[in-house]
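Below is protein.cif, holding mmCIF, C-alpha atoms.
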data_model
loop_
_atom_site.label_atom_id
_atom_site.label_comp_id
_atom_site.auth_asym_id
_atom_site.auth_seq_id
_atom_site.Cartn_x
_atom_site.Cartn_y
_atom_site.Cartn_z
CA MET A 27 8.11 -3.46 -20.44
CA SER A 28 11.45 -3.18 -22.19
CA ALA A 29 14.80 -3.66 -20.48
CA GLY A 30 15.42 0.08 -20.62
CA GLU A 31 12.06 0.89 -19.03
CA ALA A 32 12.66 -1.70 -16.32
CA ALA A 33 16.08 -0.20 -15.58
CA ARG A 34 14.59 3.31 -15.31
CA LEU A 35 11.89 2.03 -12.99
CA ALA A 36 14.41 0.21 -10.80
CA HIS A 37 16.54 3.36 -10.57
CA ALA A 38 13.49 5.48 -9.69
CA VAL A 39 12.44 2.99 -6.97
CA ARG A 40 15.95 3.12 -5.54
CA LEU A 41 15.75 6.91 -5.34
CA VAL A 42 12.37 6.72 -3.58
CA LEU A 43 13.79 4.30 -1.02
CA LEU A 44 16.84 6.56 -0.59
CA VAL A 45 14.60 9.54 0.23
CA GLN A 46 12.70 7.44 2.74
CA ALA A 47 15.90 6.08 4.27
CA ARG A 48 17.31 9.58 4.77
CA SER A 49 14.37 10.31 7.07
CA ARG A 50 14.86 6.93 8.77
CA PHE A 51 11.26 6.05 7.98
CA PRO A 52 11.88 2.39 7.03
CA HIS A 53 13.89 1.88 10.21
CA VAL A 54 11.16 3.39 12.38
CA TYR A 55 8.35 1.56 10.59
CA LEU A 56 10.07 -1.81 10.80
CA GLY A 57 10.67 -1.08 14.48
CA VAL A 58 6.94 -0.44 14.92
CA ALA A 59 6.20 -3.75 13.18
CA LEU A 60 8.55 -5.52 15.55
CA ALA A 61 6.89 -3.85 18.53
CA MET A 62 3.44 -4.94 17.30
CA THR A 63 4.76 -8.47 16.89
CA VAL A 64 5.95 -8.57 20.48
CA ALA A 65 2.67 -7.08 21.71
CA VAL A 66 0.55 -9.67 19.90
CA ARG A 67 2.72 -12.53 21.12
CA LEU A 68 2.46 -11.31 24.71
CA LEU A 69 -1.12 -10.10 24.84
CA ALA A 70 -3.17 -11.78 22.12
CA ARG A 71 -1.36 -14.93 21.02
CA GLN A 72 -4.50 -17.03 21.46
CA HIS A 73 -6.36 -14.70 19.08
CA ALA A 74 -3.54 -14.38 16.54
CA GLU A 75 -5.59 -15.75 13.62
CA LEU A 76 -8.07 -12.91 14.14
CA VAL A 77 -5.69 -10.13 15.15
CA VAL A 78 -2.89 -10.53 12.59
CA PRO A 79 -5.05 -10.08 9.44
CA ALA A 80 -6.63 -6.95 10.95
CA LEU A 81 -3.22 -5.49 11.76
CA LEU A 82 -1.94 -6.28 8.27
CA LEU A 83 -4.77 -4.35 6.67
CA GLY A 84 -4.77 -1.53 9.21
CA GLU A 85 -1.03 -0.87 9.28
CA PRO A 86 1.13 -1.85 6.27
CA GLY A 87 -1.99 -2.29 4.15
CA THR A 88 -2.89 1.41 4.34
CA LEU A 89 0.68 2.73 4.56
CA GLY A 90 0.68 3.92 0.96
CA VAL A 91 -2.24 6.31 1.35
CA PHE A 92 -0.34 8.83 3.46
CA LEU A 93 3.26 8.00 2.59
CA VAL A 94 2.84 8.25 -1.19
CA ALA A 95 0.80 11.43 -0.88
CA GLY A 96 3.23 12.91 1.61
CA GLN A 97 6.20 12.20 -0.62
CA ARG A 98 4.42 13.66 -3.63
CA PHE A 99 3.68 16.87 -1.75
CA LEU A 100 7.29 16.97 -0.57
CA GLU A 101 8.54 16.66 -4.14
CA ARG A 102 6.16 19.38 -5.26
CA ASN A 103 7.22 21.75 -2.49
CA GLU A 104 10.88 21.13 -3.28
CA ARG A 105 10.05 21.58 -6.98
CA SER A 106 11.79 18.31 -7.81
CA ALA A 107 8.53 16.99 -9.26
CA THR A 108 8.74 19.55 -12.07
CA ALA A 109 11.56 17.43 -13.47
CA LEU A 110 8.82 15.19 -14.85
CA LEU A 111 8.05 17.90 -17.37
CA VAL A 112 11.57 18.26 -18.73
CA THR A 113 13.15 14.79 -18.40
CA PRO A 114 12.45 11.57 -20.29
CA LEU A 115 11.14 9.84 -17.13
CA PRO A 116 7.50 9.03 -17.97
CA SER A 117 4.83 9.99 -15.47
CA GLY A 118 3.77 6.34 -15.21
CA THR A 119 7.29 5.39 -14.14
CA SER A 120 7.33 8.11 -11.50
CA ILE A 121 3.95 7.00 -10.12
CA ALA A 122 4.98 3.35 -10.11
CA ALA A 123 8.26 4.14 -8.35
CA LEU A 124 6.53 6.01 -5.53
CA VAL A 125 4.02 3.23 -5.09
CA ILE A 126 6.46 0.31 -5.36
CA GLY A 127 9.04 1.89 -3.08
CA THR A 128 6.41 2.34 -0.39
CA ALA A 129 5.04 -1.16 -0.96
CA LEU A 130 8.45 -2.73 -0.41
CA VAL A 131 8.64 -1.14 3.05
CA GLY A 132 5.07 -2.09 3.92
CA THR A 133 5.48 -5.65 2.70
CA ALA A 134 8.67 -6.10 4.72
CA ALA A 135 6.90 -4.79 7.84
CA GLY A 136 3.94 -7.12 7.28
CA ALA A 137 6.27 -10.08 6.81
CA VAL A 138 7.94 -9.27 10.15
CA LEU A 139 4.53 -9.22 11.83
CA GLN A 140 3.15 -12.44 10.39
CA GLY A 141 6.44 -14.31 10.58
CA GLY A 142 7.01 -13.22 14.16
CA VAL A 143 3.52 -14.19 15.32
CA LEU A 144 2.43 -17.11 13.12
CA GLY A 145 5.86 -18.47 12.25
CA VAL A 146 8.11 -18.62 9.23
CA ASP A 147 6.56 -21.16 6.89
CA ALA A 148 4.97 -21.42 3.46
CA ARG A 149 2.18 -19.08 4.52
CA LEU A 150 4.69 -16.27 4.88
CA ALA A 151 5.79 -16.64 1.27
CA LEU A 152 2.14 -16.71 0.18
CA LEU A 153 1.50 -13.50 2.14
CA LEU A 154 3.90 -11.43 0.05
CA PRO A 155 1.81 -11.11 -3.17
CA PRO A 156 -1.53 -10.04 -1.61
CA LEU A 157 0.18 -7.77 0.93
CA PHE A 158 2.33 -6.10 -1.74
CA LEU A 159 -0.73 -5.62 -3.95
CA THR A 160 -2.66 -4.16 -1.03
CA VAL A 161 0.05 -1.62 -0.22
CA THR A 162 0.41 -0.65 -3.89
CA LEU A 163 -3.35 -0.20 -4.09
CA SER A 164 -3.34 2.09 -1.06
CA GLY A 165 -0.42 3.99 -2.60
CA LEU A 166 -2.38 4.52 -5.80
CA LEU A 167 -5.33 5.74 -3.72
CA GLY A 168 -3.02 8.18 -1.92
CA TYR A 169 -1.63 9.44 -5.23
CA VAL A 170 -5.08 9.93 -6.72
CA LEU A 171 -6.41 11.74 -3.65
CA SER A 172 -3.34 13.98 -3.50
CA GLY A 173 -4.24 15.30 -6.93
CA TYR A 174 -7.44 16.84 -5.55
CA PHE A 175 -5.80 18.88 -2.79
CA SER A 176 -3.29 21.71 -2.86
CA GLU A 177 -1.82 21.08 0.61
CA PHE A 178 -1.00 18.00 2.67
CA THR A 179 -3.06 19.22 5.64
CA ARG A 180 -6.14 19.49 3.43
CA PHE A 181 -5.36 16.08 2.00
CA ILE A 182 -5.36 14.54 5.50
CA LEU A 183 -8.86 15.84 6.16
CA GLY A 184 -10.11 14.98 2.69
CA ALA A 185 -8.79 11.44 2.90
CA VAL A 186 -10.96 10.57 5.92
CA PRO A 187 -14.12 9.53 3.99
CA PRO A 188 -12.26 7.36 1.42
CA LEU A 189 -10.24 5.74 4.20
CA PHE A 190 -13.45 4.99 6.08
CA VAL A 191 -14.75 3.12 3.04
CA TYR A 192 -11.35 1.50 2.55
CA SER A 193 -11.55 0.18 6.13
CA LEU A 194 -15.07 -1.28 5.95
CA PRO A 195 -13.75 -4.87 5.65
CA PHE A 196 -12.87 -4.75 9.35
CA ALA A 197 -16.62 -5.09 9.90
CA SER A 198 -16.77 -8.33 7.91
CA HIS A 199 -13.59 -9.66 9.49
CA PHE A 200 -15.02 -9.26 12.97
CA GLY A 201 -18.39 -10.72 11.98
CA LEU A 202 -20.44 -7.52 11.99
CA VAL A 203 -21.51 -7.83 8.34
CA PRO A 204 -21.37 -10.76 5.91
CA PRO A 205 -18.28 -10.75 3.64
CA LEU A 206 -20.45 -10.91 0.52
CA ALA A 207 -21.86 -7.48 1.39
CA LEU A 208 -18.40 -5.98 0.78
CA VAL A 209 -17.23 -8.13 -2.13
CA TRP A 210 -17.22 -5.00 -4.33
CA LEU A 211 -14.45 -3.46 -2.22
CA PRO A 212 -10.83 -4.44 -3.04
CA THR A 213 -9.73 -4.34 0.59
CA GLN A 214 -12.30 -7.04 1.31
CA TRP A 215 -10.23 -9.30 -0.93
CA SER A 216 -7.13 -8.20 0.98
CA ILE A 217 -8.40 -9.06 4.42
CA ALA A 218 -9.90 -12.29 3.10
CA ALA A 219 -6.46 -13.25 1.79
CA PHE A 220 -4.78 -12.33 5.09
CA ALA A 221 -7.36 -14.30 7.10
CA ASN A 222 -6.98 -17.23 4.73
CA LEU A 223 -3.21 -17.26 5.30
CA ALA A 224 -3.60 -17.02 9.07
CA ARG A 225 -5.22 -20.46 9.11
CA PRO A 226 -3.07 -23.58 9.47
CA GLU A 227 -4.24 -24.86 6.05
CA PRO A 228 -4.91 -21.98 3.62
CA ASP A 229 -7.27 -22.39 0.68
CA LEU A 230 -4.94 -21.93 -2.31
CA ALA A 231 -7.77 -21.59 -4.82
CA ALA A 232 -9.25 -18.72 -2.82
CA TRP A 233 -5.78 -17.19 -2.43
CA SER A 234 -5.28 -17.25 -6.21
CA ALA A 235 -8.65 -15.58 -6.82
CA GLU A 236 -7.93 -12.92 -4.19
CA CYS A 237 -4.53 -12.11 -5.69
CA ALA A 238 -6.00 -11.93 -9.20
CA ALA A 239 -8.73 -9.55 -8.02
CA LEU A 240 -6.18 -7.33 -6.27
CA ALA A 241 -3.99 -7.28 -9.39
CA ALA A 242 -7.00 -6.17 -11.48
CA ALA A 243 -7.81 -3.44 -8.95
CA ASN A 244 -4.20 -2.24 -9.13
CA ALA A 245 -4.35 -2.08 -12.92
CA ALA A 246 -7.48 0.06 -12.75
CA GLY A 247 -5.98 2.22 -9.99
CA PHE A 248 -2.82 2.82 -12.00
CA GLN A 249 -4.84 4.04 -14.98
CA TRP A 250 -6.79 6.36 -12.67
CA ALA A 251 -3.56 7.72 -11.16
CA GLN A 252 -2.17 8.49 -14.63
CA HIS A 253 -5.43 10.25 -15.52
CA VAL A 254 -5.21 12.36 -12.36
CA PHE A 255 -1.62 13.29 -13.23
CA ARG A 256 -2.59 14.41 -16.73
CA THR A 257 -5.73 16.31 -15.73
CA ARG A 258 -4.84 17.77 -12.33
CA ILE A 259 -1.23 17.40 -11.22
CA ARG A 260 0.60 18.30 -14.44
CA GLY A 261 -1.14 21.68 -14.62
CA ARG A 262 -0.03 22.59 -11.11
CA LEU A 263 3.56 21.60 -11.88
CA GLU A 264 3.56 23.77 -15.00
CA VAL A 265 2.26 26.75 -13.03
CA ALA A 266 4.88 26.16 -10.32
#

Let me see the structure of the file written as structure tokens.
Amino acid sequence: MSAGEAARLAHAVRLVLLVQARSRFPHVYLGVALAMTVAVRLLARQHAELVVPALLLGEPGTLGVFLVAGQRFLERNERSATALLVTPLPSGTSIAALVIGTALVGTAAGAVLQGGVLGVDARLALLLPPLFLTVTLSGLLGYVLSGYFSEFTRFILGAVPPLFVYSLPFASHFGLVPPLALVWLPTQWSIAAFANLARPEPDLAAWSAECAALAAANAAGFQWAQHVFRTRIRGRLEVA
């Protein structure tokens, strides 16, 4: 990525965060994270190593699915998304900005949760890469799914089956199925990384492998999102 492309991406991310801030979403979501932190400390502190990874996957981990899709539908309804067709901002930059902006909020919320429950230590720094990659992956999923629906209400219903699959690693985390049975699912790597970092002595080799697998899944998801834009979303913008 050239310096010019990086600058355009940074500016686009800033605009995404500005839109979210105008609705006070980051403030509310970080408040929810703080409330969850207090609840875990008061009600489930003795089970924190089990509860925190599940909350990380279930809350900030899946944030991107609905937030990215919702913001894309908002842009389409306001017709601001049609600017993609007449400005030099590449579609890949627009997709990345939506996903990264959302991931920054989700990662901050997850850091509040883990830091507030398990403490501020080296594990918190190690949490940032897999959590960020998990939220970006969910954002890419939300973007892809949004391309198959014309309205946000239909998207919500249509997203239920994919989200069910996306959430299957809860079963392995709570011992209902062996982890190897879900090794094909990227969110299994996510919850494995979160559980790894909830232990007093994380396995750094496993953490590296989990981050690498999530990065590869993101690369594939980004290519899929660009394909969906070219084949499904662009046509609707041109008609609009």

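Here atom CA of A:Ala95 stands at a distance of 21.5 Å from atom CA of A:Leu81.
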
If the PyMOL selection byres ((chain A and resi 237) around 8) is run on the structure shown, which residues does it catch, given as an MDAnalysis selection string? chainID A and resid 155:156 159 215 219 233:236 238:241

Do you know which residues the PyMOL selection byres ((chain A and resi 141-154) around 9) returns on this file, as a PDB file with C-alpha atoms, in the coordinates of the input?
ATOM      1  CA  LEU A  60       8.550  -5.520  15.550  1.00  0.00           C
ATOM      2  CA  THR A  63       4.760  -8.470  16.890  1.00  0.00           C
ATOM      3  CA  VAL A  64       5.950  -8.570  20.480  1.00  0.00           C
ATOM      4  CA  VAL A  66       0.550  -9.670  19.900  1.00  0.00           C
ATOM      5  CA  ARG A  67       2.720 -12.530  21.120  1.00  0.00           C
ATOM      6  CA  ARG A  71      -1.360 -14.930  21.020  1.00  0.00           C
ATOM      7  CA  ALA A  74      -3.540 -14.380  16.540  1.00  0.00           C
ATOM      8  CA  GLU A  75      -5.590 -15.750  13.620  1.00  0.00           C
ATOM      9  CA  VAL A  78      -2.890 -10.530  12.590  1.00  0.00           C
ATOM     10  CA  THR A 133       5.480  -5.650   2.700  1.00  0.00           C
ATOM     11  CA  ALA A 134       8.670  -6.100   4.720  1.00  0.00           C
ATOM     12  CA  GLY A 136       3.940  -7.120   7.280  1.00  0.00           C
ATOM     13  CA  ALA A 137       6.270 -10.080   6.810  1.00  0.00           C
ATOM     14  CA  VAL A 138       7.940  -9.270  10.150  1.00  0.00           C
ATOM     15  CA  LEU A 139       4.530  -9.220  11.830  1.00  0.00           C
ATOM     16  CA  GLN A 140       3.150 -12.440  10.390  1.00  0.00           C
ATOM     17  CA  PRO A 155       1.810 -11.110  -3.170  1.00  0.00           C
ATOM     18  CA  PRO A 156      -1.530 -10.040  -1.610  1.00  0.00           C
ATOM     19  CA  LEU A 157       0.180  -7.770   0.930  1.00  0.00           C
ATOM     20  CA  PHE A 158       2.330  -6.100  -1.740  1.00  0.00           C
ATOM     21  CA  LEU A 159      -0.730  -5.620  -3.950  1.00  0.00           C
ATOM     22  CA  ALA A 219      -6.460 -13.250   1.790  1.00  0.00           C
ATOM     23  CA  PHE A 220      -4.780 -12.330   5.090  1.00  0.00           C
ATOM     24  CA  LEU A 223      -3.210 -17.260   5.300  1.00  0.00           C
ATOM     25  CA  ALA A 224      -3.600 -17.020   9.070  1.00  0.00           C
ATOM     26  CA  ARG A 225      -5.220 -20.460   9.110  1.00  0.00           C
ATOM     27  CA  PRO A 226      -3.070 -23.580   9.470  1.00  0.00           C
ATOM     28  CA  GLU A 227      -4.240 -24.860   6.050  1.00  0.00           C
ATOM     29  CA  PRO A 228      -4.910 -21.980   3.620  1.00  0.00           C
ATOM     30  CA  TRP A 233      -5.780 -17.190  -2.430  1.00  0.00           C
TER      31      TRP A 233
END

Taking the file as I've supplied it (selection: the PyMOL selection byres ((chain A and resi 199-214) around 9)), which residues are included? Please answer as an NGL selection string. :A and (76 or 79-80 or 83 or 87 or 160 or 163 or 191-198 or 215-219 or 221 or 239-240 or 243)

Write the residues of the preceding selection, restricted to C-alpha atoms, as a compact mmCIF listing (two decimals), in the coordinates of the input.
# COMPACT_ATOMS: atom_id res chain seq x y z
CA LEU A 76 -8.07 -12.91 14.14
CA PRO A 79 -5.05 -10.08 9.44
CA ALA A 80 -6.63 -6.95 10.95
CA LEU A 83 -4.77 -4.35 6.67
CA GLY A 87 -1.99 -2.29 4.15
CA THR A 160 -2.66 -4.16 -1.03
CA LEU A 163 -3.35 -0.20 -4.09
CA VAL A 191 -14.75 3.12 3.04
CA TYR A 192 -11.35 1.50 2.55
CA SER A 193 -11.55 0.18 6.13
CA LEU A 194 -15.07 -1.28 5.95
CA PRO A 195 -13.75 -4.87 5.65
CA PHE A 196 -12.87 -4.75 9.35
CA ALA A 197 -16.62 -5.09 9.90
CA SER A 198 -16.77 -8.33 7.91
CA TRP A 215 -10.23 -9.30 -0.93
CA SER A 216 -7.13 -8.20 0.98
CA ILE A 217 -8.40 -9.06 4.42
CA ALA A 218 -9.90 -12.29 3.10
CA ALA A 219 -6.46 -13.25 1.79
CA ALA A 221 -7.36 -14.30 7.10
CA ALA A 239 -8.73 -9.55 -8.02
CA LEU A 240 -6.18 -7.33 -6.27
CA ALA A 243 -7.81 -3.44 -8.95

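Closest to A:Gly165 among A:Thr179, A:Thr119, A:Ser28, A:Asn244 is A:Asn244, based on only C-alpha atoms.
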
Separation of atom CA of A:Phe248 from atom CA of A:Ala129 in Å: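 Separation between atom CA of A:Ala129 and atom CA of A:Phe248: 14.1 Å.
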
Filled-in N, CA and C atoms of stretch 30-58 of chain A, supplied as a compact mmCIF listing (two decimals), in the coordinates of the input:
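Writing the result to part28.txt gives the following:
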# COMPACT_ATOMS: atom_id res chain seq x y z
N GLY A 30 15.12 -1.30 -20.97
CA GLY A 30 15.42 0.08 -20.62
C GLY A 30 14.39 0.67 -19.67
N GLU A 31 13.12 0.39 -19.91
CA GLU A 31 12.06 0.89 -19.03
C GLU A 31 12.18 0.27 -17.65
N ALA A 32 12.50 -1.03 -17.61
CA ALA A 32 12.66 -1.70 -16.32
C ALA A 32 13.82 -1.11 -15.53
N ALA A 33 14.91 -0.79 -16.24
CA ALA A 33 16.08 -0.20 -15.58
C ALA A 33 15.74 1.18 -15.03
N ARG A 34 14.99 1.98 -15.80
CA ARG A 34 14.59 3.31 -15.31
C ARG A 34 13.70 3.19 -14.09
N LEU A 35 12.78 2.22 -14.13
CA LEU A 35 11.89 2.03 -12.99
C LEU A 35 12.67 1.60 -11.75
N ALA A 36 13.60 0.67 -11.93
CA ALA A 36 14.41 0.21 -10.80
C ALA A 36 15.21 1.36 -10.20
N HIS A 37 15.76 2.21 -11.05
CA HIS A 37 16.54 3.36 -10.57
C HIS A 37 15.62 4.33 -9.81
N ALA A 38 14.42 4.56 -10.35
CA ALA A 38 13.49 5.48 -9.69
C ALA A 38 13.04 4.92 -8.33
N VAL A 39 12.81 3.61 -8.25
CA VAL A 39 12.44 2.99 -6.97
C VAL A 39 13.57 3.15 -5.97
N ARG A 40 14.79 2.97 -6.43
CA ARG A 40 15.95 3.12 -5.54
C ARG A 40 16.01 4.53 -4.97
N LEU A 41 15.73 5.53 -5.81
CA LEU A 41 15.75 6.91 -5.34
C LEU A 41 14.64 7.16 -4.32
N VAL A 42 13.47 6.58 -4.54
CA VAL A 42 12.37 6.72 -3.58
C VAL A 42 12.77 6.13 -2.23
N LEU A 43 13.36 4.94 -2.26
CA LEU A 43 13.79 4.30 -1.02
C LEU A 43 14.91 5.11 -0.35
N LEU A 44 15.76 5.74 -1.15
CA LEU A 44 16.84 6.56 -0.59
C LEU A 44 16.27 7.76 0.15
N VAL A 45 15.26 8.40 -0.44
CA VAL A 45 14.60 9.54 0.23
C VAL A 45 13.98 9.09 1.54
N GLN A 46 13.31 7.95 1.52
CA GLN A 46 12.70 7.44 2.74
C GLN A 46 13.75 7.08 3.79
N ALA A 47 14.85 6.49 3.34
CA ALA A 47 15.90 6.08 4.27
C ALA A 47 16.56 7.28 4.93
N ARG A 48 16.69 8.38 4.20
CA ARG A 48 17.31 9.58 4.77
C ARG A 48 16.51 10.11 5.95
N SER A 49 15.21 9.90 5.94
CA SER A 49 14.37 10.31 7.07
C SER A 49 14.23 9.21 8.11
N ARG A 50 14.90 8.08 7.86
CA ARG A 50 14.86 6.93 8.77
C ARG A 50 13.47 6.31 8.88
N PHE A 51 12.61 6.59 7.89
CA PHE A 51 11.26 6.05 7.98
C PHE A 51 11.23 4.52 7.95
N PRO A 52 11.94 3.86 7.02
CA PRO A 52 11.88 2.39 7.03
C PRO A 52 12.36 1.80 8.35
N HIS A 53 13.38 2.39 8.95
CA HIS A 53 13.89 1.88 10.21
C HIS A 53 12.84 1.99 11.31
N VAL A 54 12.18 3.17 11.36
CA VAL A 54 11.16 3.39 12.38
C VAL A 54 9.97 2.47 12.15
N TYR A 55 9.55 2.35 10.88
CA TYR A 55 8.35 1.56 10.59
C TYR A 55 8.59 0.08 10.86
N LEU A 56 9.75 -0.41 10.50
CA LEU A 56 10.07 -1.81 10.80
C LEU A 56 10.18 -2.03 12.31
N GLY A 57 10.65 -1.00 13.02
CA GLY A 57 10.67 -1.08 14.48
C GLY A 57 9.27 -1.16 15.06
N VAL A 58 8.34 -0.39 14.48
CA VAL A 58 6.94 -0.44 14.92
C VAL A 58 6.36 -1.83 14.66
